[in-house]
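What follows is protein_9.txt (compact mmCIF, C-alpha atoms).
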# COMPACT_ATOMS: atom_id res chain seq x y z
CA MET A 1 112.40 -51.65 39.03
CA ARG A 2 110.76 -48.69 40.79
CA GLU A 3 108.12 -48.68 43.50
CA GLY A 4 105.77 -46.91 41.03
CA ASP A 5 105.83 -50.04 38.86
CA LEU A 6 103.66 -51.82 41.40
CA CYS A 7 100.89 -49.24 40.94
CA GLU A 8 101.26 -49.41 37.16
CA LEU A 9 100.90 -53.19 37.30
CA LEU A 10 97.65 -52.94 39.26
CA ARG A 11 96.25 -50.19 37.02
CA HIS A 12 97.13 -52.15 33.89
CA LYS A 13 95.50 -55.37 35.14
CA LEU A 14 92.40 -53.58 36.40
CA ALA A 15 92.12 -51.15 33.46
CA ASP A 16 88.54 -52.17 32.66
CA ARG A 17 87.53 -51.54 36.30
CA LEU A 18 88.86 -47.99 36.38
CA PRO A 19 87.86 -45.45 37.56
CA GLU A 20 85.75 -47.36 40.18
CA LEU A 21 88.78 -49.03 41.74
CA SER A 22 91.14 -46.11 41.20
CA SER A 23 91.10 -44.80 44.77
CA LEU A 24 91.40 -48.34 46.17
CA ILE A 25 94.48 -48.99 44.01
CA ASP A 26 96.04 -45.71 45.17
CA GLU A 27 95.27 -46.63 48.76
CA PHE A 28 96.78 -50.09 48.31
CA CYS A 29 99.98 -48.71 46.80
CA ALA A 30 100.26 -46.00 49.44
CA ALA A 31 99.99 -48.67 52.15
CA PHE A 32 103.47 -49.99 51.27
CA SER A 33 106.46 -48.72 53.23
CA LEU A 34 109.05 -46.48 51.66
CA PRO A 35 111.75 -48.51 49.90
CA GLN A 36 114.25 -49.98 52.33
CA VAL A 37 117.55 -51.70 51.66
CA LEU A 38 118.08 -54.86 53.68
CA PRO A 39 121.55 -56.34 54.05
CA LYS A 40 122.43 -59.79 52.74
CA LYS A 41 121.25 -62.62 55.05
CA THR A 42 118.30 -60.63 56.41
CA VAL A 43 115.49 -63.07 57.17
CA LEU A 44 112.08 -61.85 55.98
CA ILE A 45 110.08 -64.90 57.07
CA ARG A 46 111.31 -67.26 59.77
CA LEU A 47 110.62 -70.93 60.37
CA ASP A 48 107.19 -71.35 62.08
CA ASP A 49 106.46 -67.73 61.22
CA ALA A 50 102.76 -66.94 60.86
CA SER A 51 103.30 -63.39 59.62
CA MET A 52 101.59 -62.22 56.44
CA HIS A 53 103.58 -59.13 55.44
CA LEU A 54 103.54 -58.58 51.69
CA HIS A 55 106.91 -57.67 50.18
CA PHE A 56 107.62 -56.41 46.67
CA VAL A 57 111.23 -56.74 45.52
CA LEU A 58 112.69 -53.73 43.71
CA GLN A 59 116.29 -54.90 43.57
CA GLY A 60 118.16 -57.95 44.84
CA THR A 61 117.25 -61.57 45.47
CA VAL A 62 115.22 -63.31 48.17
CA VAL A 63 115.35 -67.10 48.43
CA GLU A 64 113.02 -69.52 50.17
CA PHE A 65 115.00 -72.22 51.98
CA GLY A 66 113.69 -75.43 53.49
CA GLU A 67 114.87 -78.85 54.55
CA ASP A 68 113.73 -82.25 53.34
CA ASP A 69 113.23 -85.37 55.50
CA ARG A 70 116.96 -86.11 55.31
CA SER A 71 117.85 -82.58 56.49
CA GLN A 72 119.09 -81.66 53.01
CA MET A 73 118.60 -78.05 51.93
CA THR A 74 115.70 -77.34 49.57
CA VAL A 75 115.05 -74.17 47.58
CA PRO A 76 111.36 -74.12 46.63
CA GLN A 77 111.33 -70.59 45.19
CA ALA A 78 113.53 -67.60 44.46
CA PHE A 79 112.29 -64.02 44.07
CA GLY A 80 113.83 -61.15 42.15
CA PRO A 81 112.96 -57.61 41.02
CA GLY A 82 109.25 -57.18 40.25
CA GLU A 83 108.20 -60.21 42.27
CA PHE A 84 106.18 -60.52 45.46
CA VAL A 85 107.45 -62.34 48.53
CA PHE A 86 104.69 -63.73 50.69
CA ASN A 87 104.42 -66.45 53.34
CA PHE A 88 103.09 -69.08 50.94
CA GLN A 89 102.58 -71.78 53.58
CA ARG A 90 100.52 -69.46 55.77
CA HIS A 91 98.62 -68.03 52.80
CA LEU A 92 97.76 -71.40 51.24
CA THR A 93 97.27 -73.65 54.27
CA HIS A 94 96.84 -71.27 57.25
CA LEU A 95 99.78 -73.07 58.87
CA PRO A 96 103.01 -71.35 59.96
CA SER A 97 105.88 -71.31 57.52
CA LYS A 98 107.93 -74.47 57.11
CA THR A 99 110.57 -72.54 55.22
CA VAL A 100 112.76 -69.47 55.67
CA TYR A 101 112.77 -66.52 53.25
CA GLN A 102 116.12 -64.82 53.26
CA CYS A 103 117.82 -62.04 51.29
CA VAL A 104 120.83 -63.58 49.56
CA THR A 105 122.01 -60.21 48.27
CA PRO A 106 121.48 -56.70 49.60
CA THR A 107 117.80 -56.26 48.74
CA ARG A 108 115.74 -53.15 48.12
CA LEU A 109 112.05 -53.72 48.70
CA VAL A 110 108.78 -52.21 49.82
CA THR A 111 106.61 -53.92 52.40
CA MET A 112 102.97 -53.81 53.35
CA ASP A 113 102.54 -54.58 57.03
CA GLN A 114 100.26 -57.55 57.73
CA ASP A 115 97.88 -55.48 59.88
CA VAL A 116 97.53 -52.90 57.11
CA LEU A 117 96.96 -55.70 54.60
CA ALA A 118 94.36 -57.33 56.85
CA SER A 119 92.44 -54.07 57.31
CA PHE A 120 92.68 -53.35 53.57
CA GLN A 121 91.20 -56.79 52.83
CA LYS A 122 88.09 -55.88 54.82
CA LYS A 123 87.23 -53.05 52.42
CA GLU A 124 84.71 -53.56 49.66
CA GLY A 125 86.42 -54.27 46.33
CA SER A 126 89.76 -55.05 47.96
CA ASP A 127 89.57 -58.74 47.02
CA GLU A 128 89.54 -57.69 43.37
CA VAL A 129 92.75 -55.70 43.85
CA PHE A 130 94.29 -58.51 45.91
CA PHE A 131 93.39 -60.96 43.13
CA VAL A 132 95.87 -59.16 40.88
CA ILE A 133 98.58 -59.86 43.47
CA GLN A 134 97.44 -63.48 43.51
CA GLN A 135 97.68 -63.60 39.71
CA HIS A 136 101.26 -62.45 40.02
CA LEU A 137 102.04 -65.06 42.70
CA LEU A 138 100.43 -67.81 40.60
CA THR A 139 102.45 -66.78 37.55
CA GLN A 140 105.68 -67.02 39.58
CA VAL A 141 104.85 -70.45 41.04
CA ARG A 142 103.50 -71.84 37.77
CA ALA A 143 106.55 -70.73 35.78
CA HIS A 144 108.91 -72.47 38.19
CA PHE A 145 106.85 -75.68 38.08
CA GLN A 146 106.81 -75.67 34.28
CA HIS A 147 110.57 -75.18 34.14
CA LEU A 148 111.05 -78.17 36.43
CA LEU A 149 108.65 -80.22 34.30
CA HIS A 150 109.82 -79.21 30.83
CA LEU A 151 113.54 -78.83 31.26
CA THR A 152 116.32 -81.17 32.26
CA PRO A 153 118.43 -79.76 35.12
CA VAL A 154 121.11 -78.71 32.59
CA GLN A 155 118.57 -76.96 30.35
CA HIS A 156 117.04 -75.31 33.42
CA TYR A 157 120.41 -74.04 34.60
CA ILE A 158 121.26 -72.68 31.16
CA TRP A 159 117.83 -71.02 31.00
CA ILE A 160 118.43 -69.35 34.38
CA PHE A 161 121.89 -68.28 33.26
CA HIS A 162 120.45 -66.52 30.20
CA HIS A 163 117.06 -65.28 31.47
CA LYS A 164 117.65 -64.65 35.16
CA PRO A 165 121.37 -63.88 35.40
CA TRP A 166 120.75 -62.16 38.75
CA LEU A 167 119.66 -65.53 40.14
CA ALA A 168 122.66 -67.40 38.75
CA LYS A 169 124.90 -64.79 40.40
CA SER A 170 123.01 -64.75 43.71
CA LEU A 171 122.87 -68.46 44.51
CA THR A 172 125.76 -70.56 45.72
CA ARG A 173 126.32 -73.81 43.86
CA ASN A 174 124.71 -75.79 46.68
CA GLN A 175 121.67 -73.53 46.57
CA MET A 176 121.47 -73.74 42.79
CA ALA A 177 121.60 -77.57 42.93
CA ALA A 178 118.70 -77.56 45.40
CA PHE A 179 116.73 -75.10 43.24
CA LEU A 180 117.19 -77.39 40.22
CA GLY A 181 116.13 -80.41 42.27
CA ILE A 182 119.39 -82.35 41.99
CA SER A 183 122.13 -83.33 44.39
CA ARG A 184 125.22 -81.22 44.82
CA ALA A 185 127.35 -84.01 43.34
CA THR A 186 125.14 -84.27 40.25
CA PHE A 187 125.22 -80.50 39.80
CA PHE A 188 129.02 -80.43 39.95
CA ARG A 189 129.19 -83.26 37.38
CA LEU A 190 126.81 -81.32 35.11
CA LEU A 191 128.83 -78.12 35.51
CA ALA A 192 131.99 -79.96 34.51
CA LYS A 193 130.27 -81.36 31.42
CA HIS A 194 128.14 -78.41 30.26
CA ALA A 195 129.28 -74.85 30.70
CA PRO A 196 126.27 -72.52 30.23
CA ASN A 197 127.92 -70.86 27.24
CA ASP A 198 127.90 -74.14 25.28
CA MET B 1 75.13 -82.83 37.40
CA ILE B 2 73.92 -79.63 39.06
CA GLY B 3 74.20 -81.38 42.44
CA HIS B 4 77.89 -82.16 41.82
CA ILE B 5 78.55 -78.58 40.73
CA THR B 6 76.74 -77.09 43.73
CA HIS B 7 78.68 -79.41 46.05
CA GLN B 8 82.02 -78.39 44.55
CA LEU B 9 81.21 -74.69 44.60
CA THR B 10 80.11 -75.00 48.22
CA GLN B 11 83.47 -76.58 49.08
CA LEU B 12 85.30 -73.77 47.29
CA TYR B 13 83.43 -71.10 49.26
CA GLY B 14 84.29 -72.94 52.49
CA SER B 15 83.11 -71.30 55.70
CA GLN B 16 81.45 -68.49 53.72
CA ALA B 17 79.24 -70.92 51.79
CA PRO B 18 76.21 -70.90 54.16
CA ALA B 19 75.90 -67.10 53.84
CA LEU B 20 76.24 -67.32 50.05
CA LYS B 21 73.93 -70.27 49.47
CA SER B 22 71.58 -68.50 47.04
CA GLY B 23 74.50 -67.11 45.01
CA ILE B 24 76.10 -70.56 44.81
CA SER B 25 72.81 -72.07 43.61
CA ALA B 26 72.42 -69.30 41.03
CA LEU B 27 75.96 -69.84 39.80
CA ALA B 28 75.51 -73.64 39.56
CA ALA B 29 72.29 -73.09 37.60
CA GLN B 30 74.21 -71.06 34.99
CA PHE B 31 76.30 -74.05 33.89
CA GLU B 32 75.22 -75.12 30.42
CA PHE B 33 75.92 -78.26 28.45
CA MET B 34 78.69 -77.37 26.00
CA THR B 35 79.77 -80.52 24.22
CA GLN B 36 79.96 -84.28 24.26
CA ILE B 37 83.61 -85.08 23.81
CA SER B 38 85.36 -88.28 22.71
CA SER B 39 88.80 -89.58 23.57
CA GLY B 40 91.47 -87.66 21.68
CA GLU B 41 89.36 -84.52 21.18
CA ASN B 42 90.34 -81.25 22.80
CA VAL B 43 88.31 -78.99 25.09
CA TRP B 44 90.75 -76.22 24.25
CA ILE B 45 94.05 -75.78 22.50
CA SER B 46 96.76 -73.21 23.02
CA GLY B 47 96.01 -69.62 21.98
CA GLU B 48 92.24 -69.61 22.49
CA GLU B 49 90.04 -67.14 24.35
CA LYS B 50 88.44 -69.49 26.91
CA PRO B 51 87.68 -67.61 30.11
CA VAL B 52 85.28 -70.36 31.15
CA LEU B 53 84.71 -72.33 34.34
CA PHE B 54 84.12 -75.88 33.10
CA PHE B 55 82.66 -78.98 34.68
CA ASN B 56 83.79 -82.43 33.55
CA GLY B 57 81.05 -85.08 33.47
CA ASP B 58 81.94 -88.74 33.92
CA GLY B 59 85.00 -88.84 31.66
CA ILE B 60 88.68 -88.12 32.22
CA LEU B 61 90.70 -85.24 30.79
CA ALA B 62 94.40 -84.43 30.77
CA GLU B 63 96.04 -81.01 30.43
CA PHE B 64 99.24 -80.74 28.42
CA SER B 65 101.75 -77.94 28.06
CA ALA B 66 104.02 -77.79 25.03
CA HIS B 67 107.75 -77.23 25.08
CA GLN B 68 110.16 -77.58 22.16
CA GLY B 69 107.90 -79.94 20.24
CA GLY B 70 107.13 -82.13 23.27
CA MET B 71 103.81 -82.33 25.10
CA PHE B 72 104.01 -82.56 28.89
CA CYS B 73 101.02 -83.81 30.85
CA GLN B 74 100.72 -81.49 33.84
CA ARG B 75 97.28 -82.26 35.26
CA ILE B 76 94.62 -84.96 35.22
CA ILE B 77 90.97 -83.93 35.55
CA PRO B 78 88.98 -86.73 37.21
CA PRO B 79 85.23 -87.26 36.64
CA ASN B 80 82.70 -84.84 38.14
CA THR B 81 85.07 -81.99 38.82
CA LEU B 82 85.37 -78.34 37.96
CA PHE B 83 88.31 -77.33 35.79
CA TRP B 84 89.59 -74.19 34.09
CA SER B 85 92.42 -72.85 32.00
CA GLU B 86 94.56 -70.91 34.48
CA SER B 87 95.91 -68.78 31.74
CA ALA B 88 92.46 -67.82 30.39
CA PHE B 89 90.16 -67.96 33.42
CA LEU B 90 92.50 -66.76 36.14
CA LEU B 91 95.28 -64.83 34.39
CA TRP B 92 93.03 -63.16 31.76
CA GLU B 93 95.22 -64.21 28.87
CA LYS B 94 94.83 -66.71 26.03
CA THR B 95 95.04 -70.42 26.82
CA ASP B 96 98.60 -71.74 26.86
CA THR B 97 97.87 -75.44 27.28
CA VAL B 98 95.84 -78.17 25.61
CA MET B 99 93.00 -79.88 27.50
CA ARG B 100 92.50 -83.30 25.91
CA CYS B 101 89.81 -85.87 26.52
CA LYS B 102 91.14 -89.25 27.60
CA LYS B 103 87.81 -90.90 28.34
CA ALA B 104 84.57 -89.71 26.71
CA SER B 105 82.73 -87.10 28.71
CA LYS B 106 80.09 -84.42 28.71
CA ILE B 107 81.45 -80.92 29.25
CA TYR B 108 79.48 -78.15 30.91
CA GLY B 109 80.57 -74.58 31.47
CA VAL B 110 79.82 -71.02 32.46
CA SER B 111 81.60 -68.01 30.99
CA GLY B 112 83.81 -65.79 33.12
CA ARG B 113 81.53 -62.87 32.23
CA LYS B 114 78.52 -64.67 33.72
CA VAL B 115 80.54 -65.69 36.78
CA ARG B 116 81.36 -62.00 37.31
CA GLN B 117 77.72 -60.99 36.89
CA ILE B 118 76.42 -63.59 39.35
CA THR B 119 79.13 -63.02 41.95
CA ALA B 120 78.58 -59.24 41.76
CA LYS B 121 74.79 -59.63 42.01
CA TYR B 122 74.99 -61.87 45.08
CA GLY B 123 77.81 -59.98 46.80
CA MET B 124 80.26 -62.87 46.47
CA GLY B 125 83.23 -60.67 45.55
CA TYR B 126 86.35 -62.37 44.22
CA ILE B 127 86.24 -65.26 46.70
CA LEU B 128 85.96 -67.88 43.95
CA ALA B 129 88.79 -66.46 41.83
CA ASN B 130 91.03 -66.07 44.87
CA THR B 131 90.26 -69.61 46.06
CA LEU B 132 90.91 -71.20 42.66
CA THR B 133 94.18 -69.29 42.42
CA LYS B 134 95.23 -70.51 45.85
CA LEU B 135 94.35 -74.10 44.91
CA ASP B 136 96.48 -73.87 41.78
CA MET B 137 99.40 -72.36 43.66
CA ALA B 138 99.24 -75.08 46.32
CA SER B 139 99.08 -77.76 43.64
CA TYR B 140 102.08 -76.35 41.75
CA ARG B 141 104.14 -75.94 44.90
CA ASN B 142 103.42 -79.54 45.87
CA ARG B 143 104.20 -80.85 42.39
CA SER B 144 107.42 -78.80 42.25
CA LYS B 145 108.45 -80.22 45.61
CA ASP B 146 107.76 -83.75 44.39
CA LEU B 147 109.77 -83.19 41.21
CA CYS B 148 112.70 -81.88 43.23
CA LEU B 149 112.69 -84.21 46.22
CA LEU B 150 111.02 -87.55 45.53
CA LEU B 151 112.73 -90.58 44.03
CA PRO B 152 111.08 -91.90 40.83
CA VAL B 153 109.31 -94.73 42.63
CA GLU B 154 108.05 -92.35 45.32
CA ARG B 155 106.71 -89.96 42.67
CA LEU B 156 104.93 -92.85 40.95
CA ARG B 157 103.45 -94.19 44.18
CA LYS B 158 102.24 -90.76 45.30
CA THR B 159 100.73 -90.00 41.89
CA ILE B 160 98.83 -93.30 41.73
CA ALA B 161 97.55 -92.75 45.27
CA SER B 162 96.24 -89.26 44.44
CA SER B 163 95.07 -90.02 40.87
CA PRO B 164 94.07 -93.70 40.72
CA HIS B 165 92.79 -93.19 37.14
CA ILE B 166 96.14 -92.12 35.82
CA LEU B 167 97.56 -95.50 34.78
CA SER B 168 94.55 -96.31 32.62
CA SER B 169 94.10 -92.74 31.35
CA ILE B 170 97.39 -91.69 29.83
CA SER B 171 100.11 -93.48 27.91
CA ARG B 172 103.34 -94.55 29.60
CA GLU B 173 105.21 -91.86 27.68
CA GLU B 174 102.79 -89.20 28.93
CA LEU B 175 103.05 -90.57 32.45
CA ALA B 176 106.85 -90.43 32.28
CA LYS B 177 106.68 -86.74 31.33
CA TYR B 178 104.07 -86.04 34.02
CA LEU B 179 106.50 -87.46 36.58
CA GLY B 180 109.55 -85.74 35.08
CA LEU B 181 111.19 -89.08 34.25
CA SER B 182 112.64 -90.78 31.22
CA ARG B 183 110.70 -93.78 29.91
CA SER B 184 113.36 -96.16 31.20
CA SER B 185 113.28 -94.57 34.67
CA LEU B 186 109.49 -94.92 34.71
CA PHE B 187 109.68 -98.62 33.83
CA ARG B 188 112.32 -99.19 36.50
CA ALA B 189 110.08 -97.38 39.01
CA MET B 190 107.08 -99.49 37.97
CA ASN B 191 109.09 -102.69 38.37
CA ALA B 192 110.38 -101.56 41.76
CA MET B 193 106.82 -100.77 42.87
CA HIS B 194 105.58 -104.21 41.76
CA ASP B 195 108.50 -105.96 43.49
CA ALA B 196 107.98 -104.10 46.77

Let me see whether you can do it: turn the structure in this file into structure tokens.
Amino acid sequence: MREGDLCELLRHKLADRLPELSSLIDEFCAAFSLPQVLPKKTVLIRLDDASMHLHFVLQGTVVEFGEDDRSQMTVPQAFGPGEFVFNFQRHLTHLPSKTVYQCVTPTRLVTMDQDVLASFQKKEGSDEVFFVIQQHLLTQVRAHFQHLLHLTPVQHYIWIFHHKPWLAKSLTRNQMAAFLGISRATFFRLLAKHAPND
Amino acid sequence: MIGHITHQLTQLYGSQAPALKSGISALAAQFEFMTQISSGENVWISGEEKPVLFFNGDGILAEFSAHQGGMFCQRIIPPNTLFWSESAFLLWEKTDTVMRCKKASKIYGVSGRKVRQITAKYGMGYILANTLTKLDMASYRNRSKDLCLLLPVERLRKTIASSPHILSSISREELAKYLGLSRSSLFRAMNAMHDA
């Protein structure tokens, strides 16, 4: 994944609106930082964070961690190369984040500062460009929901193992159990019964 | 009908609605009667070009996604509400679900092309598309959280509270899949809810 892929994605999605939006797309892409490599455990979004920086992952894994009512770890979403990391709680409800977004591997990403994003969003036509980012976010969230709905935890784990090996390698077993929506004990029982190569 | 549509569009435009009142009225006026649909018939099936913003009359619809031969109910559309295929209307691809009528209804709609024309003419930008996308994301994140964290009886209770029509609209097997449960787990949850 290269930083240029972000621009290609926007141009592809907005092909029928080119060349009108061409300069806006260039401006949007240029507003991202140069790629930076963040060490493992770097926190991108803290608990109660109201920031709205937009991150695009080039390499590595970022995981959203939360806690349920019984103080058990939850993993609502995981983000890999080619995916956007955004403060979903703030974006969708205007409330500060109830979760933490953390790099679980060394992560290479580009970031658009929230102030730059806010000023970009005031420009005419920018909401059309931002809609493409939203499409991407929706696709990520929808895919995870459908996996939870369609697949048993074992099938889901095997699917991750084959289709997102970077995620299977990045998460600890506790984190993977939370991502699959099962207890740690259940996950260990499943692992003993069904190796992913079966 | 047009009153319901105007009301829903106004809610979607939120604080910007007063400034966009004439555009909202023009958009609501573009909705046309499309079909009278009976229980068991489909508004769309997978693989269709349906970039349409629909309005459901007084019936009930259910959206299903297919996986390995099974059909999974993922959304219930209550009476008098707007609905859309995310895949076709928001993601600009072909439909990837089935929208099935569960209780007879009249279906109205406006094409995505007309929505674009009206919103461009009245300077409404992409507010509607961005708002619908946010609504869908919020809904999926909440449903994912429920599937991961809630016990079967809690999932059932929450679902009935938010969609009171659901028990009379879809079969028990469809409800079990909607909740991510086996049929036996659903029946145990129903018994536990009755006993509580």

#### Entry: Local residues around (93.2, -74.9, 40.8), at most 10 Å away, using only C-alpha atoms, as a VMD selection string
chain B and resid 82 to 86 90 129 to 140

### Task
For Asn80 (chain B), work out the shell of residues within 12 Å, counting all atoms listed in the file and skipping chain neighbours fewer than 4 positions away, then give it as a PyMOL selection string.
chain B and resi 1-8+54-61+105-108

### Summary
Nearest to chain A, restricted to all atoms listed in the file and choosing among B:Leu53, B:Ile24, B:Ala66, B:Met190, comes out as B:Ala66

### Query
Counting all atoms listed in the file, which residues from chain A have an atom at most 8 Å from any atom of chain B, and could you show them as an MDAnalysis selection string?
chainID A and resid 68 76 92 125 127:128 131 134:135 137:138 141:142 144:145 148:150 178:182

### Message
Applying 12 Å and all atoms listed in the file, which residues near Ser119 (chain A) remain after dropping the ones on its own chain fewer than 6 positions away? List them as a list in words.
### Response
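Final neighbour list, sorted by chain and number: Glu27, Phe28, Ala31, Met112, Asp113, Ser126 and Asp127 of chain A.
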
### Task
Fewer than 2 positions away in the same chain doesn't count, so skip those; otherwise give me all residues within 8 Å of region 77-81 of chain A, counting all atoms listed in the file, as a PyMOL selection string.
chain A and resi 1+56-65+75+83-85+141+144+166-167+179

### Message
Give me, as JSON, numbers by chain, all polymer residues having an atom no more than 12 Å from Ile25 (chain A), counting only C-alpha atoms and skipping those fewer than 3 positions away in the same chain.
### Response
{"A": [4, 6, 7, 8, 9, 10, 11, 12, 13, 14, 15, 17, 18, 19, 20, 21, 22, 28, 29, 30, 31, 32, 120, 123, 125, 126, 127, 128, 129, 130, 132, 133]}

### Message
Counting only C-alpha atoms, which residue out of B:Ala28, B:Leu12, B:Ala62, B:Met193 sits closest to Ile45 (chain B)?
### Response
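Looking at the shortest contact to Ile45 (chain B), the residue is B:Ala62.
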
### Query
Nearest to Arg108 (chain A): which of A:Val37, A:Val154, A:Leu44, A:Ala177 is it, counting all atoms listed in the file?
A:Val37

Would you mind writing region 35-51 of chain B with N, CA and C atoms, as a PDB file, in the coordinates of the input?
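That gives us rebuild24.pdb:
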ATOM      1  N   THR B  35      79.435 -79.546  25.262  1.00  0.00           N
ATOM      2  CA  THR B  35      79.770 -80.520  24.220  1.00  0.00           C
ATOM      3  C   THR B  35      79.917 -81.931  24.800  1.00  0.00           C
ATOM      4  N   GLN B  36      79.658 -82.872  23.938  1.00  0.00           N
ATOM      5  CA  GLN B  36      79.960 -84.280  24.260  1.00  0.00           C
ATOM      6  C   GLN B  36      81.303 -84.538  23.594  1.00  0.00           C
ATOM      7  N   ILE B  37      82.250 -85.005  24.352  1.00  0.00           N
ATOM      8  CA  ILE B  37      83.610 -85.080  23.810  1.00  0.00           C
ATOM      9  C   ILE B  37      84.116 -86.525  23.848  1.00  0.00           C
ATOM     10  N   SER B  38      84.830 -86.914  22.789  1.00  0.00           N
ATOM     11  CA  SER B  38      85.360 -88.280  22.710  1.00  0.00           C
ATOM     12  C   SER B  38      86.854 -88.279  22.982  1.00  0.00           C
ATOM     13  N   SER B  39      87.368 -89.445  23.295  1.00  0.00           N
ATOM     14  CA  SER B  39      88.800 -89.580  23.570  1.00  0.00           C
ATOM     15  C   SER B  39      89.624 -89.030  22.408  1.00  0.00           C
ATOM     16  N   GLY B  40      90.603 -88.221  22.715  1.00  0.00           N
ATOM     17  CA  GLY B  40      91.470 -87.660  21.680  1.00  0.00           C
ATOM     18  C   GLY B  40      91.060 -86.252  21.254  1.00  0.00           C
ATOM     19  N   GLU B  41      89.810 -85.877  21.528  1.00  0.00           N
ATOM     20  CA  GLU B  41      89.360 -84.520  21.180  1.00  0.00           C
ATOM     21  C   GLU B  41      89.798 -83.527  22.256  1.00  0.00           C
ATOM     22  N   ASN B  42      89.861 -82.269  21.861  1.00  0.00           N
ATOM     23  CA  ASN B  42      90.340 -81.250  22.800  1.00  0.00           C
ATOM     24  C   ASN B  42      89.209 -80.340  23.290  1.00  0.00           C
ATOM     25  N   VAL B  43      89.254 -79.992  24.556  1.00  0.00           N
ATOM     26  CA  VAL B  43      88.310 -78.990  25.090  1.00  0.00           C
ATOM     27  C   VAL B  43      88.827 -77.612  24.687  1.00  0.00           C
ATOM     28  N   TRP B  44      90.134 -77.440  24.780  1.00  0.00           N
ATOM     29  CA  TRP B  44      90.750 -76.220  24.250  1.00  0.00           C
ATOM     30  C   TRP B  44      92.156 -76.550  23.771  1.00  0.00           C
ATOM     31  N   ILE B  45      92.652 -75.689  22.912  1.00  0.00           N
ATOM     32  CA  ILE B  45      94.050 -75.780  22.500  1.00  0.00           C
ATOM     33  C   ILE B  45      94.719 -74.450  22.854  1.00  0.00           C
ATOM     34  N   SER B  46      96.014 -74.413  22.664  1.00  0.00           N
ATOM     35  CA  SER B  46      96.760 -73.210  23.020  1.00  0.00           C
ATOM     36  C   SER B  46      96.355 -72.024  22.139  1.00  0.00           C
ATOM     37  N   GLY B  47      96.268 -70.845  22.743  1.00  0.00           N
ATOM     38  CA  GLY B  47      96.010 -69.620  21.980  1.00  0.00           C
ATOM     39  C   GLY B  47      94.555 -69.255  21.834  1.00  0.00           C
ATOM     40  N   GLU B  48      93.664 -69.916  22.588  1.00  0.00           N
ATOM     41  CA  GLU B  48      92.240 -69.610  22.490  1.00  0.00           C
ATOM     42  C   GLU B  48      91.785 -68.670  23.599  1.00  0.00           C
ATOM     43  N   GLU B  49      90.689 -67.961  23.313  1.00  0.00           N
ATOM     44  CA  GLU B  49      90.040 -67.140  24.350  1.00  0.00           C
ATOM     45  C   GLU B  49      89.043 -68.064  25.044  1.00  0.00           C
ATOM     46  N   LYS B  50      89.351 -68.560  26.216  1.00  0.00           N
ATOM     47  CA  LYS B  50      88.440 -69.490  26.910  1.00  0.00           C
ATOM     48  C   LYS B  50      88.317 -69.134  28.388  1.00  0.00           C
ATOM     49  N   PRO B  51      87.853 -67.927  28.686  1.00  0.00           N
ATOM     50  CA  PRO B  51      87.680 -67.610  30.110  1.00  0.00           C
ATOM     51  C   PRO B  51      86.400 -68.268  30.626  1.00  0.00           C
TER      52      PRO B  51
END
